[in-house]
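Printed here is coords-v4.cif (mmCIF, all heavy atoms):
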```cif
data_entry
loop_
_atom_site.label_atom_id
_atom_site.label_comp_id
_atom_site.auth_asym_id
_atom_site.auth_seq_id
_atom_site.Cartn_x
_atom_site.Cartn_y
_atom_site.Cartn_z
N MET A 15 -16.14 46.39 -6.36
CA MET A 15 -15.13 45.40 -6.05
C MET A 15 -13.74 45.87 -6.48
O MET A 15 -12.76 45.64 -5.78
CB MET A 15 -15.49 44.08 -6.74
CG MET A 15 -14.55 42.97 -6.41
SD MET A 15 -14.54 42.59 -4.67
CE MET A 15 -15.17 40.97 -4.68
N LYS A 16 -13.67 46.57 -7.61
CA LYS A 16 -12.38 47.05 -8.10
C LYS A 16 -11.78 48.07 -7.13
O LYS A 16 -10.57 48.08 -6.89
CB LYS A 16 -12.54 47.66 -9.48
CG LYS A 16 -11.22 48.02 -10.12
CD LYS A 16 -11.40 48.49 -11.54
CE LYS A 16 -10.06 48.80 -12.15
NZ LYS A 16 -10.18 49.21 -13.55
N ALA A 17 -12.61 48.93 -6.57
CA ALA A 17 -12.11 49.93 -5.60
C ALA A 17 -11.57 49.24 -4.35
O ALA A 17 -10.55 49.67 -3.80
CB ALA A 17 -13.23 50.89 -5.24
N LEU A 18 -12.21 48.16 -3.92
CA LEU A 18 -11.74 47.43 -2.74
C LEU A 18 -10.39 46.76 -3.03
O LEU A 18 -9.46 46.86 -2.23
CB LEU A 18 -12.76 46.37 -2.32
CG LEU A 18 -12.32 45.45 -1.18
CD1 LEU A 18 -12.19 46.25 0.11
CD2 LEU A 18 -13.29 44.31 -1.03
N LEU A 19 -10.28 46.10 -4.17
CA LEU A 19 -9.05 45.40 -4.49
C LEU A 19 -7.88 46.34 -4.77
O LEU A 19 -6.73 45.94 -4.65
CB LEU A 19 -9.26 44.47 -5.69
CG LEU A 19 -10.10 43.23 -5.41
CD1 LEU A 19 -10.32 42.44 -6.68
CD2 LEU A 19 -9.47 42.37 -4.35
N SER A 20 -8.15 47.56 -5.15
CA SER A 20 -7.07 48.49 -5.43
C SER A 20 -6.75 49.39 -4.23
O SER A 20 -5.90 50.28 -4.35
CB SER A 20 -7.41 49.34 -6.65
OG SER A 20 -8.54 50.13 -6.41
N SER A 21 -7.40 49.16 -3.10
CA SER A 21 -7.08 49.97 -1.93
C SER A 21 -5.73 49.54 -1.36
O SER A 21 -5.33 48.38 -1.45
CB SER A 21 -8.17 49.86 -0.87
OG SER A 21 -8.16 48.58 -0.29
N LYS A 22 -5.02 50.48 -0.78
CA LYS A 22 -3.65 50.23 -0.32
C LYS A 22 -3.57 49.13 0.75
O LYS A 22 -2.70 48.26 0.66
CB LYS A 22 -3.05 51.54 0.19
CG LYS A 22 -1.57 51.52 0.23
CD LYS A 22 -1.02 52.91 0.46
CE LYS A 22 0.47 52.90 0.31
NZ LYS A 22 1.06 54.21 0.47
N PRO A 23 -4.45 49.11 1.77
CA PRO A 23 -4.35 48.04 2.77
C PRO A 23 -4.57 46.64 2.18
O PRO A 23 -3.89 45.69 2.57
CB PRO A 23 -5.44 48.38 3.78
CG PRO A 23 -5.70 49.83 3.62
CD PRO A 23 -5.44 50.13 2.17
N VAL A 24 -5.49 46.53 1.25
CA VAL A 24 -5.75 45.22 0.63
C VAL A 24 -4.56 44.79 -0.21
O VAL A 24 -4.15 43.62 -0.19
CB VAL A 24 -7.05 45.27 -0.21
CG1 VAL A 24 -7.22 43.99 -1.02
CG2 VAL A 24 -8.25 45.50 0.68
N LEU A 25 -3.97 45.73 -0.94
CA LEU A 25 -2.79 45.39 -1.74
C LEU A 25 -1.61 44.97 -0.86
O LEU A 25 -0.89 44.02 -1.20
CB LEU A 25 -2.39 46.57 -2.63
CG LEU A 25 -3.31 46.85 -3.81
CD1 LEU A 25 -2.89 48.14 -4.51
CD2 LEU A 25 -3.31 45.68 -4.78
N TRP A 26 -1.42 45.64 0.26
CA TRP A 26 -0.35 45.24 1.18
C TRP A 26 -0.61 43.85 1.74
O TRP A 26 0.31 43.03 1.86
CB TRP A 26 -0.21 46.24 2.33
CG TRP A 26 0.71 47.37 1.97
CD1 TRP A 26 0.36 48.66 1.75
CD2 TRP A 26 2.13 47.30 1.78
NE1 TRP A 26 1.48 49.39 1.42
CE2 TRP A 26 2.58 48.58 1.44
CE3 TRP A 26 3.06 46.27 1.86
CZ2 TRP A 26 3.92 48.86 1.18
CZ3 TRP A 26 4.39 46.54 1.61
CH2 TRP A 26 4.81 47.82 1.27
N PHE A 27 -1.87 43.56 2.11
CA PHE A 27 -2.20 42.23 2.60
C PHE A 27 -1.93 41.17 1.54
O PHE A 27 -1.31 40.14 1.82
CB PHE A 27 -3.66 42.17 3.05
CG PHE A 27 -4.11 40.78 3.41
CD1 PHE A 27 -3.72 40.21 4.60
CD2 PHE A 27 -4.88 40.04 2.53
CE1 PHE A 27 -4.11 38.92 4.94
CE2 PHE A 27 -5.27 38.75 2.85
CZ PHE A 27 -4.89 38.19 4.06
N LEU A 28 -2.40 41.41 0.31
CA LEU A 28 -2.17 40.44 -0.76
C LEU A 28 -0.69 40.23 -1.02
O LEU A 28 -0.23 39.10 -1.20
CB LEU A 28 -2.86 40.91 -2.05
CG LEU A 28 -4.37 40.82 -2.09
CD1 LEU A 28 -4.91 41.49 -3.33
CD2 LEU A 28 -4.81 39.37 -2.04
N PHE A 29 0.07 41.32 -1.02
CA PHE A 29 1.50 41.22 -1.27
C PHE A 29 2.20 40.40 -0.19
O PHE A 29 2.90 39.42 -0.48
CB PHE A 29 2.10 42.63 -1.36
CG PHE A 29 3.59 42.64 -1.49
CD1 PHE A 29 4.20 42.18 -2.64
CD2 PHE A 29 4.38 43.11 -0.46
CE1 PHE A 29 5.59 42.18 -2.76
CE2 PHE A 29 5.76 43.12 -0.57
CZ PHE A 29 6.36 42.65 -1.73
N LEU A 30 2.00 40.76 1.07
CA LEU A 30 2.73 40.10 2.15
C LEU A 30 2.25 38.67 2.40
O LEU A 30 3.06 37.75 2.55
CB LEU A 30 2.61 40.93 3.43
CG LEU A 30 3.30 42.29 3.38
CD1 LEU A 30 2.97 43.09 4.63
CD2 LEU A 30 4.79 42.14 3.20
N PHE A 31 0.94 38.47 2.45
CA PHE A 31 0.41 37.13 2.71
C PHE A 31 0.82 36.15 1.62
O PHE A 31 1.30 35.05 1.91
CB PHE A 31 -1.12 37.19 2.83
CG PHE A 31 -1.75 35.84 3.04
CD1 PHE A 31 -1.72 35.24 4.28
CD2 PHE A 31 -2.37 35.17 1.99
CE1 PHE A 31 -2.29 33.99 4.48
CE2 PHE A 31 -2.94 33.93 2.18
CZ PHE A 31 -2.90 33.34 3.43
N ASN A 32 0.65 36.54 0.36
CA ASN A 32 0.99 35.64 -0.73
C ASN A 32 2.49 35.41 -0.83
O ASN A 32 2.93 34.34 -1.23
CB ASN A 32 0.42 36.17 -2.05
CG ASN A 32 -1.08 35.99 -2.10
OD1 ASN A 32 -1.58 34.91 -1.92
ND2 ASN A 32 -1.79 37.07 -2.35
N LEU A 33 3.29 36.41 -0.47
CA LEU A 33 4.74 36.23 -0.47
C LEU A 33 5.15 35.18 0.57
O LEU A 33 5.97 34.31 0.28
CB LEU A 33 5.42 37.57 -0.18
CG LEU A 33 6.94 37.58 -0.28
CD1 LEU A 33 7.36 37.30 -1.72
CD2 LEU A 33 7.46 38.92 0.17
N VAL A 34 4.57 35.26 1.75
CA VAL A 34 4.88 34.28 2.80
C VAL A 34 4.43 32.89 2.39
O VAL A 34 5.18 31.91 2.53
CB VAL A 34 4.24 34.71 4.14
CG1 VAL A 34 4.32 33.60 5.17
CG2 VAL A 34 4.89 35.97 4.66
N VAL A 35 3.23 32.77 1.86
CA VAL A 35 2.72 31.46 1.44
C VAL A 35 3.57 30.91 0.29
O VAL A 35 3.87 29.71 0.26
CB VAL A 35 1.23 31.54 1.04
CG1 VAL A 35 0.76 30.24 0.43
CG2 VAL A 35 0.39 31.87 2.26
N ALA A 36 3.98 31.76 -0.64
CA ALA A 36 4.81 31.31 -1.75
C ALA A 36 6.15 30.78 -1.26
O ALA A 36 6.70 29.84 -1.83
CB ALA A 36 5.03 32.45 -2.74
N ALA A 37 6.68 31.38 -0.20
CA ALA A 37 7.97 30.93 0.34
C ALA A 37 7.84 29.62 1.12
O ALA A 37 8.76 28.80 1.12
CB ALA A 37 8.55 32.01 1.22
N ILE A 38 6.70 29.41 1.76
CA ILE A 38 6.53 28.23 2.62
C ILE A 38 5.93 27.03 1.88
O ILE A 38 6.24 25.88 2.20
CB ILE A 38 5.65 28.60 3.83
CG1 ILE A 38 6.38 29.62 4.70
CG2 ILE A 38 5.26 27.39 4.64
CD1 ILE A 38 5.55 30.17 5.83
N ALA A 39 5.10 27.27 0.87
CA ALA A 39 4.35 26.20 0.21
C ALA A 39 5.21 25.05 -0.31
O ALA A 39 4.86 23.88 -0.12
CB ALA A 39 3.49 26.76 -0.91
N PRO A 40 6.34 25.31 -0.98
CA PRO A 40 7.12 24.17 -1.48
C PRO A 40 7.65 23.26 -0.38
O PRO A 40 7.91 22.08 -0.62
CB PRO A 40 8.29 24.84 -2.22
CG PRO A 40 7.79 26.18 -2.58
CD PRO A 40 6.87 26.58 -1.47
N PHE A 41 7.82 23.78 0.84
CA PHE A 41 8.30 22.96 1.95
C PHE A 41 7.16 22.28 2.70
O PHE A 41 7.35 21.23 3.30
CB PHE A 41 9.11 23.82 2.92
CG PHE A 41 10.28 24.49 2.25
CD1 PHE A 41 10.25 25.85 1.98
CD2 PHE A 41 11.39 23.76 1.87
CE1 PHE A 41 11.31 26.47 1.36
CE2 PHE A 41 12.47 24.37 1.23
CZ PHE A 41 12.42 25.72 0.98
N ALA A 42 5.98 22.89 2.67
CA ALA A 42 4.84 22.36 3.42
C ALA A 42 4.07 21.31 2.63
O ALA A 42 3.49 20.40 3.21
CB ALA A 42 3.90 23.50 3.80
N VAL A 43 4.06 21.42 1.30
CA VAL A 43 3.33 20.49 0.45
C VAL A 43 4.35 19.79 -0.46
O VAL A 43 5.17 20.45 -1.09
CB VAL A 43 2.27 21.23 -0.40
CG1 VAL A 43 1.50 20.26 -1.27
CG2 VAL A 43 1.33 22.01 0.49
N ASP A 44 4.27 18.48 -0.52
CA ASP A 44 5.25 17.72 -1.30
C ASP A 44 4.95 17.74 -2.78
O ASP A 44 3.79 17.84 -3.21
CB ASP A 44 5.27 16.26 -0.83
CG ASP A 44 5.87 16.11 0.55
OD1 ASP A 44 6.70 16.97 0.91
OD2 ASP A 44 5.52 15.15 1.25
N GLY A 45 5.99 17.66 -3.57
CA GLY A 45 5.88 17.44 -4.99
C GLY A 45 5.49 18.67 -5.80
O GLY A 45 5.68 19.82 -5.40
N ALA A 46 4.93 18.36 -6.96
CA ALA A 46 4.59 19.40 -7.92
C ALA A 46 3.50 20.34 -7.39
O ALA A 46 3.49 21.53 -7.74
CB ALA A 46 4.13 18.78 -9.22
N GLN A 47 2.62 19.82 -6.56
CA GLN A 47 1.55 20.67 -6.03
C GLN A 47 2.12 21.80 -5.17
O GLN A 47 1.67 22.94 -5.27
CB GLN A 47 0.57 19.84 -5.22
CG GLN A 47 -0.63 20.64 -4.76
CD GLN A 47 -1.66 19.78 -4.03
OE1 GLN A 47 -1.42 18.60 -3.78
NE2 GLN A 47 -2.77 20.38 -3.68
N GLY A 48 3.11 21.52 -4.38
CA GLY A 48 3.73 22.56 -3.56
C GLY A 48 4.46 23.59 -4.39
O GLY A 48 4.39 24.79 -4.13
N VAL A 49 5.16 23.12 -5.43
CA VAL A 49 5.88 24.03 -6.31
C VAL A 49 4.90 24.93 -7.06
O VAL A 49 5.09 26.15 -7.14
CB VAL A 49 6.77 23.25 -7.29
CG1 VAL A 49 7.37 24.18 -8.33
CG2 VAL A 49 7.86 22.51 -6.54
N MET A 50 3.85 24.36 -7.60
CA MET A 50 2.88 25.16 -8.35
C MET A 50 2.11 26.12 -7.45
O MET A 50 1.78 27.24 -7.86
CB MET A 50 1.91 24.24 -9.12
CG MET A 50 2.58 23.48 -10.24
SD MET A 50 3.53 24.52 -11.38
CE MET A 50 2.25 25.50 -12.09
N THR A 51 1.84 25.71 -6.22
CA THR A 51 1.21 26.62 -5.26
C THR A 51 2.12 27.80 -4.99
O THR A 51 1.68 28.96 -4.97
CB THR A 51 0.87 25.89 -3.94
OG1 THR A 51 -0.01 24.81 -4.23
CG2 THR A 51 0.25 26.84 -2.93
N GLY A 52 3.40 27.53 -4.80
CA GLY A 52 4.37 28.59 -4.58
C GLY A 52 4.47 29.54 -5.76
O GLY A 52 4.52 30.76 -5.60
N VAL A 53 4.46 28.99 -6.95
CA VAL A 53 4.54 29.82 -8.16
C VAL A 53 3.28 30.67 -8.30
O VAL A 53 3.36 31.88 -8.56
CB VAL A 53 4.74 28.94 -9.41
CG1 VAL A 53 4.55 29.74 -10.68
CG2 VAL A 53 6.13 28.31 -9.38
N GLY A 54 2.12 30.08 -8.11
CA GLY A 54 0.86 30.83 -8.24
C GLY A 54 0.75 31.94 -7.22
O GLY A 54 0.39 33.08 -7.55
N MET A 55 1.08 31.65 -5.98
CA MET A 55 1.02 32.68 -4.94
C MET A 55 2.08 33.75 -5.19
O MET A 55 1.86 34.92 -4.90
CB MET A 55 1.20 32.06 -3.56
CG MET A 55 0.09 31.09 -3.20
SD MET A 55 -1.50 31.90 -3.10
CE MET A 55 -1.79 31.81 -1.37
N GLY A 56 3.22 33.36 -5.71
CA GLY A 56 4.26 34.32 -6.05
C GLY A 56 3.81 35.29 -7.12
O GLY A 56 4.11 36.49 -7.06
N VAL A 57 3.09 34.78 -8.11
CA VAL A 57 2.58 35.64 -9.18
C VAL A 57 1.58 36.65 -8.63
O VAL A 57 1.62 37.84 -8.98
CB VAL A 57 1.95 34.78 -10.31
CG1 VAL A 57 1.16 35.63 -11.28
CG2 VAL A 57 3.03 33.99 -11.03
N VAL A 58 0.70 36.21 -7.75
CA VAL A 58 -0.26 37.12 -7.14
C VAL A 58 0.46 38.18 -6.30
O VAL A 58 0.13 39.37 -6.36
CB VAL A 58 -1.29 36.35 -6.27
CG1 VAL A 58 -2.17 37.30 -5.50
CG2 VAL A 58 -2.14 35.45 -7.15
N SER A 59 1.48 37.74 -5.56
CA SER A 59 2.25 38.68 -4.75
C SER A 59 2.96 39.71 -5.62
O SER A 59 2.97 40.91 -5.30
CB SER A 59 3.27 37.92 -3.90
OG SER A 59 4.03 38.79 -3.13
N LEU A 60 3.55 39.28 -6.71
CA LEU A 60 4.21 40.22 -7.62
C LEU A 60 3.22 41.20 -8.22
O LEU A 60 3.52 42.39 -8.36
CB LEU A 60 4.93 39.46 -8.73
CG LEU A 60 6.23 38.77 -8.34
CD1 LEU A 60 6.76 37.95 -9.50
CD2 LEU A 60 7.25 39.77 -7.89
N GLY A 61 2.04 40.73 -8.58
CA GLY A 61 1.01 41.62 -9.13
C GLY A 61 0.59 42.68 -8.13
O GLY A 61 0.45 43.86 -8.48
N ALA A 62 0.42 42.28 -6.88
CA ALA A 62 0.06 43.25 -5.84
C ALA A 62 1.20 44.23 -5.60
O ALA A 62 0.98 45.43 -5.42
CB ALA A 62 -0.31 42.53 -4.55
N GLY A 63 2.44 43.73 -5.62
CA GLY A 63 3.59 44.60 -5.43
C GLY A 63 3.73 45.62 -6.55
O GLY A 63 4.01 46.80 -6.29
N VAL A 64 3.51 45.19 -7.77
CA VAL A 64 3.56 46.12 -8.91
C VAL A 64 2.46 47.16 -8.79
O VAL A 64 2.68 48.34 -9.05
CB VAL A 64 3.46 45.34 -10.25
CG1 VAL A 64 3.22 46.27 -11.41
CG2 VAL A 64 4.72 44.52 -10.46
N SER A 65 1.28 46.75 -8.38
CA SER A 65 0.18 47.71 -8.20
C SER A 65 0.50 48.72 -7.10
O SER A 65 0.16 49.90 -7.23
CB SER A 65 -1.11 46.98 -7.84
OG SER A 65 -1.54 46.19 -8.92
N LEU A 66 1.16 48.27 -6.04
CA LEU A 66 1.58 49.21 -4.99
C LEU A 66 2.58 50.22 -5.53
O LEU A 66 2.50 51.41 -5.23
CB LEU A 66 2.20 48.45 -3.82
CG LEU A 66 1.22 47.78 -2.87
CD1 LEU A 66 1.96 46.83 -1.94
CD2 LEU A 66 0.45 48.81 -2.08
N LEU A 67 3.53 49.76 -6.33
CA LEU A 67 4.53 50.67 -6.89
C LEU A 67 3.91 51.65 -7.89
O LEU A 67 4.28 52.82 -7.92
CB LEU A 67 5.65 49.88 -7.56
CG LEU A 67 6.58 49.13 -6.61
CD1 LEU A 67 7.58 48.30 -7.41
CD2 LEU A 67 7.28 50.08 -5.68
N LYS A 68 2.98 51.16 -8.70
CA LYS A 68 2.30 52.04 -9.66
C LYS A 68 1.49 53.10 -8.94
O LYS A 68 1.49 54.26 -9.34
CB LYS A 68 1.39 51.23 -10.58
CG LYS A 68 2.11 50.44 -11.63
CD LYS A 68 1.15 49.50 -12.31
CE LYS A 68 0.92 49.85 -13.72
NZ LYS A 68 0.02 48.90 -14.39
N GLY A 69 0.80 52.71 -7.89
CA GLY A 69 0.00 53.66 -7.10
C GLY A 69 0.85 54.70 -6.43
O GLY A 69 0.47 55.86 -6.33
N ARG A 70 2.04 54.30 -5.97
CA ARG A 70 2.94 55.23 -5.30
C ARG A 70 3.44 56.29 -6.29
O ARG A 70 3.47 57.47 -5.97
CB ARG A 70 4.12 54.48 -4.70
CG ARG A 70 5.00 55.37 -3.85
CD ARG A 70 6.09 54.59 -3.23
NE ARG A 70 7.08 54.30 -4.27
CZ ARG A 70 8.22 53.68 -4.06
NH1 ARG A 70 8.51 53.24 -2.86
NH2 ARG A 70 9.06 53.47 -5.03
N GLY A 71 3.81 55.89 -7.49
CA GLY A 71 4.29 56.83 -8.49
C GLY A 71 3.21 57.79 -8.94
O GLY A 71 3.43 58.97 -9.17
N ARG A 72 1.98 57.30 -9.04
CA ARG A 72 0.85 58.12 -9.47
C ARG A 72 0.54 59.20 -8.44
O ARG A 72 0.26 60.33 -8.77
CB ARG A 72 -0.36 57.23 -9.69
CG ARG A 72 -1.49 57.89 -10.43
CD ARG A 72 -2.62 56.93 -10.76
NE ARG A 72 -2.28 55.53 -10.57
CZ ARG A 72 -3.07 54.66 -9.99
NH1 ARG A 72 -4.24 54.99 -9.54
NH2 ARG A 72 -2.71 53.40 -9.84
N ARG A 73 0.64 58.85 -7.16
CA ARG A 73 0.33 59.83 -6.11
C ARG A 73 1.41 60.89 -6.00
O ARG A 73 1.13 62.02 -5.66
CB ARG A 73 0.17 59.11 -4.77
CG ARG A 73 -1.12 58.32 -4.72
CD ARG A 73 -1.44 57.82 -3.34
NE ARG A 73 -2.65 57.05 -3.35
CZ ARG A 73 -2.69 55.72 -3.28
NH1 ARG A 73 -1.61 55.03 -3.15
NH2 ARG A 73 -3.86 55.10 -3.32
N GLN A 74 2.66 60.54 -6.30
CA GLN A 74 3.73 61.53 -6.23
C GLN A 74 3.62 62.56 -7.36
O GLN A 74 3.97 63.70 -7.19
CB GLN A 74 5.09 60.84 -6.30
CG GLN A 74 5.44 60.10 -5.04
CD GLN A 74 6.77 59.39 -5.15
OE1 GLN A 74 7.36 59.30 -6.21
NE2 GLN A 74 7.26 58.87 -4.02
N GLU A 75 3.14 62.13 -8.53
CA GLU A 75 3.03 63.03 -9.68
C GLU A 75 1.93 64.07 -9.47
O GLU A 75 2.04 65.19 -9.90
CB GLU A 75 2.74 62.25 -10.95
CG GLU A 75 3.92 61.39 -11.39
CD GLU A 75 3.55 60.47 -12.54
OE1 GLU A 75 2.39 60.55 -13.00
OE2 GLU A 75 4.39 59.69 -12.96
N ALA A 76 0.85 63.66 -8.82
CA ALA A 76 -0.31 64.54 -8.67
C ALA A 76 -0.09 65.66 -7.69
O ALA A 76 0.74 65.74 -6.91
CB ALA A 76 -1.53 63.71 -8.23
#
```
Representation of the structure as structure tokens:
Amino acid sequence: MKALLSSKPVLWFLFLFNLVVAAIAPFAVDGAQGVMTGVGMGVVSLGAGVSLLKGRGRRQEA
């Protein structure tokens, strides 16, 4: 499972999909639930983005 989650296509999907949902959720869902959904999805998107950047630096060094 770890190899699947760290593959580049999956990380790109997680980054882009969660970024879009994080941007839309506060407008689509009212109140605190929409805000917290946006924050949670934003955190997942940032994590995937950081993993993409870490992977890119590691491949350049090798």
Using Å and a single decimal, report how far atom N of A:Ser65 sits from atom CA of A:Leu25.
7.9 Å
Using only C-alpha atoms, determine which residues lie at most 10 Å from stretch 50-64 of chain A, disregarding the query and same-chain residues fewer than 3 positions distant; provide the list as JSON, numbers by chain.
{"A": [19, 20, 22, 24, 25, 26, 27, 28, 29, 30, 31, 32, 33, 34, 35, 36, 37, 38, 39, 40, 41, 43, 45, 46, 47, 67, 68, 69, 70]}
What gap, in Å, lies between atom O of A:Val49 and atom N of A:Leu66?
22.5 Å
Report, in Å to a single decimal, how far apart atom O of A:Gly48 and atom CE of A:Met15 are.
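Pair atom CE of A:Met15 / atom O of A:Gly48 returns 25.4 Å.
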